[in-house]
Amino acid sequence: MDANAIEQFKGLILQLMEPDNEKRSQGESVYSHTKQEFPGQLLLSLVQLSTTPNTEGSVRNMSLIMLRQELVRSDNWVFARVSAEIQEHVKKTLLSGLQQEENELFSTRLKDVISALASSLLSEGQWGEILPFLLELAGSSAEIHRIAAMDIFSHISTRCRSVLIQSMNVMVKVLQAGLLDDSVRVRVAAFGTGVGLLSACRTQEEQAPLQPLFPGMLQSIALALNSGDMESANQGLDNLVALCERETDFVRPSIYGVYKAMVSIMGSEEVDERTRHLAMECPVTLAEARPALCRKIPDFLEGLIPVLLEWNSHLEDNERWNDGEKFDAEDLDVAIAEDSIDRLSIALGGETFAPIMFSAVQQTLQHPNWRVRHSGLMAMSVSAEGSAKYLRDHLDQVVAMVVPFFKDEHPRVRWAACNCIAQMSSDFGRSLTERYHGEIVPVLVTILADPVMVNHPRVLAHAASAVINFSESSEKEFLLPYLKPLLEGLHKLLTMPRIAQEQGVTAVAAVADCVSTEFTPYYDFFVPYMKEILHRASGTEYRMLRGKAMECLSLLGVAVGKEKFYNDAKEVIQVLQTTERNLTDDDPQANFILHAWARLCKCLGEEFQPYLETIMPRLLNSANLDLDFQVHSTEAAPTEAEEGWEFLPVGEKTIAIKTSTLEEKATACNMLYWYAEELKGSFFPYVQPVAQIMVPSLLFYYHDGVRTAAASVMPALLRSTVDHAKATGQGPEVVAQLWNFICPTLIQSIEGEIDTDCLILLIESFGECVNVLGAGCLSHEQQAGIAKAIQQRFETLMGFRQKRMNAQAGGEDFDKYEAQRLEELTNRDDDVIAQIADCTGKLLKHMKMDYMAHFALYGKNWLYFLESGARSHDTQMALCVLDDVAEYLQGNSAQIIHDVYPHFLRYSQDGSPEVRQAACYGLGVFAQYHGQVFAQVARPALEALANIVQSPGAREGEFAIPTDNAISSITKINLYQRENIDPNVGLEVLLSVLPVLDDKDESDITYNNFLTLLEKLGANAFGQSCAHVPKILFILSSPLGTEFVNEPTTHRIKAYFQSVSNQDANMFTQAVGSIPQDNQQKIQAMM
C-alpha cells in the first residue's frame, strides 16, 4: 500500500487509542465508515501495520487486536467482502509474518489472528495450505515458532475437528515430537494441543491414539517445576484441570498417580502460590466431574483436607479488621481453601466428606493457635451445605463442637463460631432451631451482653447475623423464652459503630417477624430508635443503615398489626415518599423501600391503595427493565470482576451481563405480585399495565426469579379482575380478555421451561388460574394447548428417567452415593408430576367432559403408573387423578372406572401409606358416583376395606390416615350402595370401625355421611333391642370439641341426639350411661 495511506491509517489507530472521549469517538466513526465502504483498504492496512517489525509497538499491538476482531466470522464479516486477491494476500502475509516474528508478544498476537481466520476458513474446507505450514513450523529450529504451531493447532482443534481427526496419525507424531522437545515451553504447548485434540474427539475410539501420550503430558509439568519455570508449570496444570473437567476417562488410567502428584505439589514450599492452588484445583474439579471415581481413590480426602485446613489458617493480623470486610487482608490461601471445601462437600456428599472433615476439625479446635481454631470452625461452616443431609443426623455432635467457642479468648474465633451458627441455621432450618434453641440462643445472648465485646463491634455484628438467620428459620415458641434478654442485647447494638448498628437493626426486625404479636410489649421501646435513624442519619455513608431502619419499621408494623402501627405507618410513608424522590442510581435504600412499601400494603390492606399512585410508576419501570449486556472481544473484556456484572466467555467473545439490573427487575416483579395478591379487586386499575409487563416475563430466561414472580402473579391478576367485575357489575368479557392474553404465553412457558422449580410454579399457576376462572373457562384451543404441554413434559421427564436408569446400569463408577444423587433428581421429577396431577384435577373439575378428549393425550401415562413395578409416588398420583376423573365426570367415566377398579382394590392394601390412602379414598368415590359400575363389586370392596381397617397396625403411625379414608369409603358404601350389599352386615362393619380421629380433611365428611345414613335408617339403625344405640352415641360424641368436626356438623350431631332422646328418653339415658365417662360428659354438656 501507499506509504501515505499507511501513515494516515496509523494516525487513525492512534486516534482509537486516545484517552479523550471526543477524539476517540471521532476515530471510531471514521473506522466504521472505512470498514463499511472500503473493507479491502481496511484489511490491507491492518495487515501491513501488524506484520511490519518497525511499526511502533503500541500501534502494532492495537492493529493486531483490531485485525483479530475483523477476522472472527460475523454477520458483517470483512474478509468475505474483499476480493479473492486481497484474501490471498492477507493469508500469505500473516503466515510469512509469523514465520519471521521474533518478538514474544507479537508472535502471540499473530498466532491469535491466524487462529481466528483459520477457524473460520478450515470449517468450510478453505485454506488447506495452513496445515502443511503448521507442520513445517512445528519442526522449526526456533522455539517461538514451535510454540506458535502448537498453540494454533490447539486453538483450531475444536472448530475444525474433521480436518484434524482425518489427520490424527500426523498429529500424533507432531505431539510425540513436541512432548520430547528440548524446550519445556514447547512440551507444555504440546500438552495444550493434546487437550484441544481430545476435546475435538467425540468417541473413545477417536481418543485412543492419544492415550499413550498422557505420561509425556504429565512429564511436561514435572520438568517445568524442576526447572523453576512456574509460568509453564501453571500452564500445564491449567491443561490438566481442563482434562479433569472434560476428559476424565482419558485421565482415569493414571488417576492415582495424578492425585499423588497434585498432593505433592500443593504441599511443596518451593512452588509459588498459584501453582499450589492449581494443584488443588485438579482433584477438586475431578471430584465434581466424577465423584464416584474419586471415592475409589485411596485416602483421597485424607490427602486434601489437612492441606485445606492449613491453608484456611493463613490469616493475617489486621488492625482494622473490626471496621468491616472492605478492610480485610487478601488471604488468597483462605479463599481457595474455603471454596475447595465447599465444592468437595457438595460433590462427594456428606456421608463421604463429613466424617473425615469433622474428625480433622476436632483436632484443630484443640489447637493453641487461634488461627487454627478459626480454620476449623470456618471449615465446618462452608461444608455444612454439601453435608447437610448427613449432618442432620449428627447435629448433637456438631452443636456441641461449636457452642464452647462463643467464649473463646480470641474475638475472631468467636466471630467464626457466630458464622458457623448463622450458616447452620440457614442449612438445617427447623431441624436446628427446634432441637437446639436452648443451647444456641443463650450463647448468642451472652456474646451480645459481654462488655468486652464493645471493643469488637464486628463480632457483635456477626452475632446479630446469627440471630437473623436463626430467627428466619425458627418458630416463635423457640425464641419466646429468651425474648427479653435477646432484645436487650440487640438494643445495645443500636448505639454502637455502624457495622454493629446495621446488623442490630436487621436482627430486631427478624426477631419481630418471627415472634409476631409477642413483640408488641417492646414495640414502643424500639420504634423511636428507628425513627431517629430515619430523621438524623442523613449522610451517604448512612444510606444502608437508613434502608435497614425502613425494613425494620415495616416488619415491626406487620408483626404488631394495623391497629398498633397505624399512626407510625403514616410517618413512615412520608419518609419513604421523601427518600424515594431523592434516590440516586446506586442508592442501596431503593431496594429496602420497595420491600417496605409491600409490607406496609400487607399491614394496611385496602387503605394502602391510594399510595399505589406514587409507587407504581417507578415499580413498573423497574419491572420492565430488559437484559442489560455488552459484548466484548476477548482482549477488550475486563480482566477483573466488577460489582453488579457477570462475565461469560462465549466462543471468541465475552458477554458482560449487568446482574444488578436483573436483581432490580426480579425484586420489582415480586413486589407487583405482593400488591396484586394483597389488594385483590382494589388493584384492578393496574392490572393491564402489570399484565403487559409480566406476561412476556414468563419467558424471561435470564433470571429465574423474574419468571417465578410472573407465574405467581397471573392468578392474582385474574382474581383482581374477577373481584372488580363482580363489584362493578361488569360482564365476563373483561376477565376473558385478560385470560386470552395470559393463556398462550403461560402454556408456551410450561412447554419451554428448563428449571424444575420454575416449571412447578408455572403449572401451579395455570391450575390456579383455572380455579379462579371457574366452569367452562377454557376454549377448545386452550385445552388442547395445555394438554399438549403436559404431554411434552411427561415425555421429557420419562426421557430423563431412562437416562438415569441407563447410567445406573452401565457406569463402572456407579455406587450407592451416585444412586442417591440420581434418586434425588427423580424426587424432583415427583414434584413436577404431583403438580401436573393437581392441575389435571382442576381442569377436570371445571371443564368436565369437555376436557376428556384432551386428557386422553396424556392419560396413558397415569395408566402406565398403575402397573406393577411403578414408583410409589407415580402410582399415588395416578390414583389421585383417577379419583378426580371419577368424582368430576361421574357417569361419563363409567368405562374408565370399570377398567381401573381392580387396581384400586389391589392398591388399597399397598405397603405405601400414600398409595393406600389414594386407593381407599377412590373406592368411596366410586361408590358415591358410579352406582351401576360399583354395584357388581360393592360386597368385595366392603370386605376388603373392612379387612384393611381391622389389620394389625392400621390405626398406628403413618397408616392412621389411610385407615380413616378406608372408613370414609365404608361409610359411603353403606350410604350409596346399600341395595348392593347386605345392609345389616354393612352397618355392623361400619359401627365396628368408626370413629375417625386422624384425618382432619376426611373426618367431617365421614361424620356427615354417617348422620345422613342414620337419618335415612331412622329407628332401623338402632338394631335389635336398641343394641346399636350406645355405639352410635359413642361414635358421634367422640369428635365433639375437636378439630375433626366443624360447627354445622356439631349442630347436626346435637339434633340427632335430640331426635333419639325424643323417640325414647329412657333408652337414650341408659345408652348414654353405658359409654365412657368422657363421652357422657360431652353429650351432657351439649344437651
# chains A, B, ... in the order shown; residues from 1 in each chain; ligands from 1
>>> residues_around(residues="Val993 (chain A)", least_positions_apart="3", cutoff="10 Å", atoms="only C-alpha atoms", output="VMD selection string")
chain A and resid 946 949 to 950 963 to 964 966 to 968 970 to 971 988 to 990 996 1035
>>> write_last_selection(atoms="all heavy atoms", output="tab-separated table (two decimals), in the first residue's frame")
chain	number	residue	atom	x	y	z
A	946	ALA	N	-62.91	-53.41	55.09
A	946	ALA	CA	-63.05	-53.82	56.49
A	946	ALA	C	-61.78	-54.55	56.96
A	946	ALA	O	-61.30	-54.32	58.08
A	946	ALA	CB	-64.27	-54.72	56.65
A	949	VAL	N	-59.01	-51.97	57.66
A	949	VAL	CA	-59.18	-51.23	58.91
A	949	VAL	C	-58.86	-52.10	60.11
A	949	VAL	O	-58.30	-51.62	61.12
A	949	VAL	CB	-60.62	-50.69	59.01
A	949	VAL	CG1	-60.85	-50.00	60.35
A	949	VAL	CG2	-60.91	-49.72	57.86
A	950	GLN	N	-59.18	-53.39	60.02
A	950	GLN	CA	-59.02	-54.28	61.16
A	950	GLN	C	-57.66	-54.99	61.18
A	950	GLN	O	-57.39	-55.78	62.08
A	950	GLN	CB	-60.15	-55.31	61.15
A	950	GLN	CG	-61.52	-54.67	61.40
A	950	GLN	CD	-62.68	-55.54	60.99
A	950	GLN	OE1	-62.49	-56.64	60.45
A	950	GLN	NE2	-63.90	-55.05	61.22
A	963	THR	N	-56.23	-45.34	56.91
A	963	THR	CA	-57.31	-46.11	57.53
A	963	THR	C	-58.57	-45.28	57.68
A	963	THR	O	-59.69	-45.76	57.44
A	963	THR	CB	-56.85	-46.65	58.91
A	963	THR	OG1	-55.73	-47.52	58.70
A	963	THR	CG2	-57.97	-47.39	59.61
A	964	ASP	N	-58.43	-44.00	58.05
A	964	ASP	CA	-59.60	-43.12	58.11
A	964	ASP	C	-60.26	-42.98	56.74
A	964	ASP	O	-61.48	-42.88	56.63
A	964	ASP	CB	-59.19	-41.74	58.62
A	964	ASP	CG	-59.14	-41.69	60.15
A	964	ASP	OD1	-59.39	-42.73	60.78
A	964	ASP	OD2	-58.86	-40.61	60.70
A	966	ALA	N	-60.27	-45.32	54.47
A	966	ALA	CA	-60.97	-46.59	54.27
A	966	ALA	C	-62.31	-46.57	55.01
A	966	ALA	O	-63.34	-47.01	54.48
A	966	ALA	CB	-60.11	-47.75	54.76
A	967	ILE	N	-62.32	-46.02	56.23
A	967	ILE	CA	-63.57	-45.92	56.99
A	967	ILE	C	-64.55	-45.00	56.28
A	967	ILE	O	-65.76	-45.28	56.22
A	967	ILE	CB	-63.27	-45.43	58.42
A	967	ILE	CG1	-62.42	-46.46	59.18
A	967	ILE	CG2	-64.56	-45.15	59.18
A	967	ILE	CD1	-61.88	-45.94	60.51
A	968	SER	N	-64.05	-43.89	55.75
A	968	SER	CA	-64.91	-42.98	55.00
A	968	SER	C	-65.56	-43.69	53.82
A	968	SER	O	-66.76	-43.51	53.54
A	968	SER	CB	-64.10	-41.79	54.51
A	968	SER	OG	-64.87	-40.94	53.69
A	970	ILE	N	-66.11	-46.95	53.56
A	970	ILE	CA	-67.11	-47.89	54.10
A	970	ILE	C	-68.42	-47.16	54.37
A	970	ILE	O	-69.51	-47.67	54.10
A	970	ILE	CB	-66.56	-48.57	55.38
A	970	ILE	CG1	-65.39	-49.51	55.03
A	970	ILE	CG2	-67.67	-49.33	56.11
A	970	ILE	CD1	-64.67	-50.08	56.24
A	971	THR	N	-68.31	-45.93	54.91
A	971	THR	CA	-69.50	-45.12	55.17
A	971	THR	C	-70.24	-44.83	53.86
A	971	THR	O	-71.48	-44.92	53.80
A	971	THR	CB	-69.10	-43.79	55.85
A	971	THR	OG1	-68.27	-44.07	56.97
A	971	THR	CG2	-70.34	-43.04	56.32
A	988	GLU	N	-73.10	-53.26	60.53
A	988	GLU	CA	-72.26	-53.85	61.57
A	988	GLU	C	-70.78	-53.51	61.35
A	988	GLU	O	-70.06	-53.16	62.29
A	988	GLU	CB	-72.44	-55.38	61.59
A	988	GLU	CG	-73.79	-55.84	62.08
A	988	GLU	CD	-73.94	-55.70	63.60
A	988	GLU	OE1	-72.93	-55.43	64.29
A	988	GLU	OE2	-75.07	-55.85	64.08
A	989	VAL	N	-70.36	-53.62	60.09
A	989	VAL	CA	-68.96	-53.30	59.77
A	989	VAL	C	-68.69	-51.83	60.09
A	989	VAL	O	-67.68	-51.48	60.70
A	989	VAL	CB	-68.67	-53.59	58.28
A	989	VAL	CG1	-67.32	-52.98	57.88
A	989	VAL	CG2	-68.69	-55.08	58.02
A	990	LEU	N	-69.60	-50.96	59.67
A	990	LEU	CA	-69.39	-49.52	59.86
A	990	LEU	C	-69.29	-49.18	61.34
A	990	LEU	O	-68.40	-48.43	61.77
A	990	LEU	CB	-70.52	-48.75	59.20
A	990	LEU	CG	-70.44	-47.22	59.30
A	990	LEU	CD1	-69.14	-46.71	58.68
A	990	LEU	CD2	-71.64	-46.58	58.61
A	996	VAL	N	-63.57	-41.92	63.34
A	996	VAL	CA	-62.33	-41.49	62.69
A	996	VAL	C	-61.79	-40.28	63.46
A	996	VAL	O	-62.52	-39.34	63.74
A	996	VAL	CB	-62.54	-41.12	61.20
A	996	VAL	CG1	-62.93	-42.34	60.41
A	996	VAL	CG2	-63.60	-40.05	61.02
A	1035	ILE	N	-69.75	-43.03	68.94
A	1035	ILE	CA	-69.12	-42.58	67.70
A	1035	ILE	C	-69.33	-41.08	67.50
A	1035	ILE	O	-68.39	-40.32	67.22
A	1035	ILE	CB	-69.67	-43.36	66.49
A	1035	ILE	CG1	-69.19	-44.83	66.55
A	1035	ILE	CG2	-69.26	-42.71	65.17
A	1035	ILE	CD1	-69.91	-45.74	65.58
>>> residues_around(residues="Glu563 (chain A)", least_positions_apart="6", cutoff="12 Å", atoms="only C-alpha atoms", output="list of chain:residue names")
A:Thr517, A:Thr520, A:Gly557, A:Ala569, A:Cys603, A:Leu604, A:Gly605
>>> write_last_selection(atoms="all heavy atoms", output="short mmCIF file (atom, residue, chain, number, x, y, z; two decimals), in the first residue's frame")
data_model
loop_
_atom_site.label_atom_id
_atom_site.label_comp_id
_atom_site.auth_asym_id
_atom_site.auth_seq_id
_atom_site.Cartn_x
_atom_site.Cartn_y
_atom_site.Cartn_z
N THR A 517 -47.00 -10.97 67.13
CA THR A 517 -47.66 -10.09 68.12
C THR A 517 -46.99 -10.12 69.49
O THR A 517 -47.21 -9.22 70.30
CB THR A 517 -49.14 -10.47 68.28
OG1 THR A 517 -49.24 -11.85 68.61
CG2 THR A 517 -49.90 -10.21 66.99
N THR A 520 -45.19 -6.99 70.64
CA THR A 520 -45.93 -5.76 70.97
C THR A 520 -45.43 -5.05 72.22
O THR A 520 -45.28 -3.81 72.21
CB THR A 520 -47.44 -6.07 71.10
OG1 THR A 520 -47.89 -6.68 69.88
CG2 THR A 520 -48.23 -4.82 71.36
N GLY A 557 -44.33 -3.26 61.93
CA GLY A 557 -45.74 -3.00 61.67
C GLY A 557 -46.51 -4.26 61.35
O GLY A 557 -47.62 -4.48 61.86
N ALA A 569 -47.31 4.31 60.84
CA ALA A 569 -47.28 3.98 59.42
C ALA A 569 -47.33 5.24 58.56
O ALA A 569 -46.63 5.35 57.55
CB ALA A 569 -48.43 3.04 59.07
N CYS A 603 -49.82 -4.69 55.82
CA CYS A 603 -50.30 -4.25 57.13
C CYS A 603 -51.58 -3.43 57.01
O CYS A 603 -52.53 -3.63 57.78
CB CYS A 603 -49.21 -3.43 57.82
SG CYS A 603 -49.63 -2.92 59.49
N LEU A 604 -51.63 -2.52 56.07
CA LEU A 604 -52.76 -1.59 55.96
C LEU A 604 -53.91 -2.12 55.12
O LEU A 604 -55.02 -1.59 55.18
CB LEU A 604 -52.27 -0.25 55.39
CG LEU A 604 -51.21 0.48 56.20
CD1 LEU A 604 -50.79 1.77 55.50
CD2 LEU A 604 -51.72 0.80 57.61
N GLY A 605 -53.65 -3.14 54.31
CA GLY A 605 -54.73 -3.69 53.48
C GLY A 605 -55.21 -2.70 52.45
O GLY A 605 -54.43 -1.96 51.84
#
>>> atom_distance(atom1="CA of Lys10 (chain A)", atom2="CA of Lys35 (chain A)")
15.0 Å
>>> residues_around(residues="region 826-843 of chain A", least_positions_apart="2", cutoff="6 Å", atoms="only C-alpha atoms", output="PyMOL selection string")
chain A and resi 760+767+823-824+845-847+881+884
>>> write_last_selection(atoms="N, CA, C and O atoms", output="short mmCIF file (atom, residue, chain, number, x, y, z; two decimals), in the first residue's frame")
data_model
loop_
_atom_site.label_atom_id
_atom_site.label_comp_id
_atom_site.auth_asym_id
_atom_site.auth_seq_id
_atom_site.Cartn_x
_atom_site.Cartn_y
_atom_site.Cartn_z
N ILE A 760 -42.55 -26.09 38.13
CA ILE A 760 -43.58 -26.43 39.11
C ILE A 760 -44.50 -25.24 39.37
O ILE A 760 -45.73 -25.36 39.41
N GLY A 767 -53.08 -24.02 36.94
CA GLY A 767 -54.17 -24.62 37.70
C GLY A 767 -54.93 -23.61 38.53
O GLY A 767 -56.16 -23.64 38.61
N GLU A 823 -31.51 -40.57 42.63
CA GLU A 823 -32.82 -40.67 43.27
C GLU A 823 -33.33 -39.29 43.67
O GLU A 823 -34.53 -39.00 43.54
N GLU A 824 -32.43 -38.42 44.11
CA GLU A 824 -32.84 -37.05 44.45
C GLU A 824 -33.34 -36.31 43.22
O GLU A 824 -34.30 -35.54 43.30
N LYS A 845 -62.27 -30.69 37.09
CA LYS A 845 -63.32 -30.12 37.94
C LYS A 845 -64.11 -29.04 37.21
O LYS A 845 -65.35 -28.99 37.29
N HIS A 846 -63.41 -28.19 36.48
CA HIS A 846 -64.08 -27.02 35.89
C HIS A 846 -64.48 -27.22 34.43
O HIS A 846 -65.36 -26.51 33.94
N MET A 847 -63.84 -28.16 33.73
CA MET A 847 -64.17 -28.35 32.32
C MET A 847 -64.98 -29.62 32.06
O MET A 847 -65.51 -29.81 30.97
N VAL A 881 -55.44 -38.77 40.32
CA VAL A 881 -56.04 -38.25 39.09
C VAL A 881 -57.31 -39.02 38.75
O VAL A 881 -58.34 -38.44 38.38
N ASP A 884 -60.15 -38.00 40.75
CA ASP A 884 -60.78 -36.78 40.20
C ASP A 884 -61.64 -37.10 38.99
O ASP A 884 -62.72 -36.52 38.81
#
>>> closest_residue(among="A:Met280, A:Leu857, A:Leu698, A:Met17", to="Asp339 (chain A)", atoms="only C-alpha atoms")
A:Met280
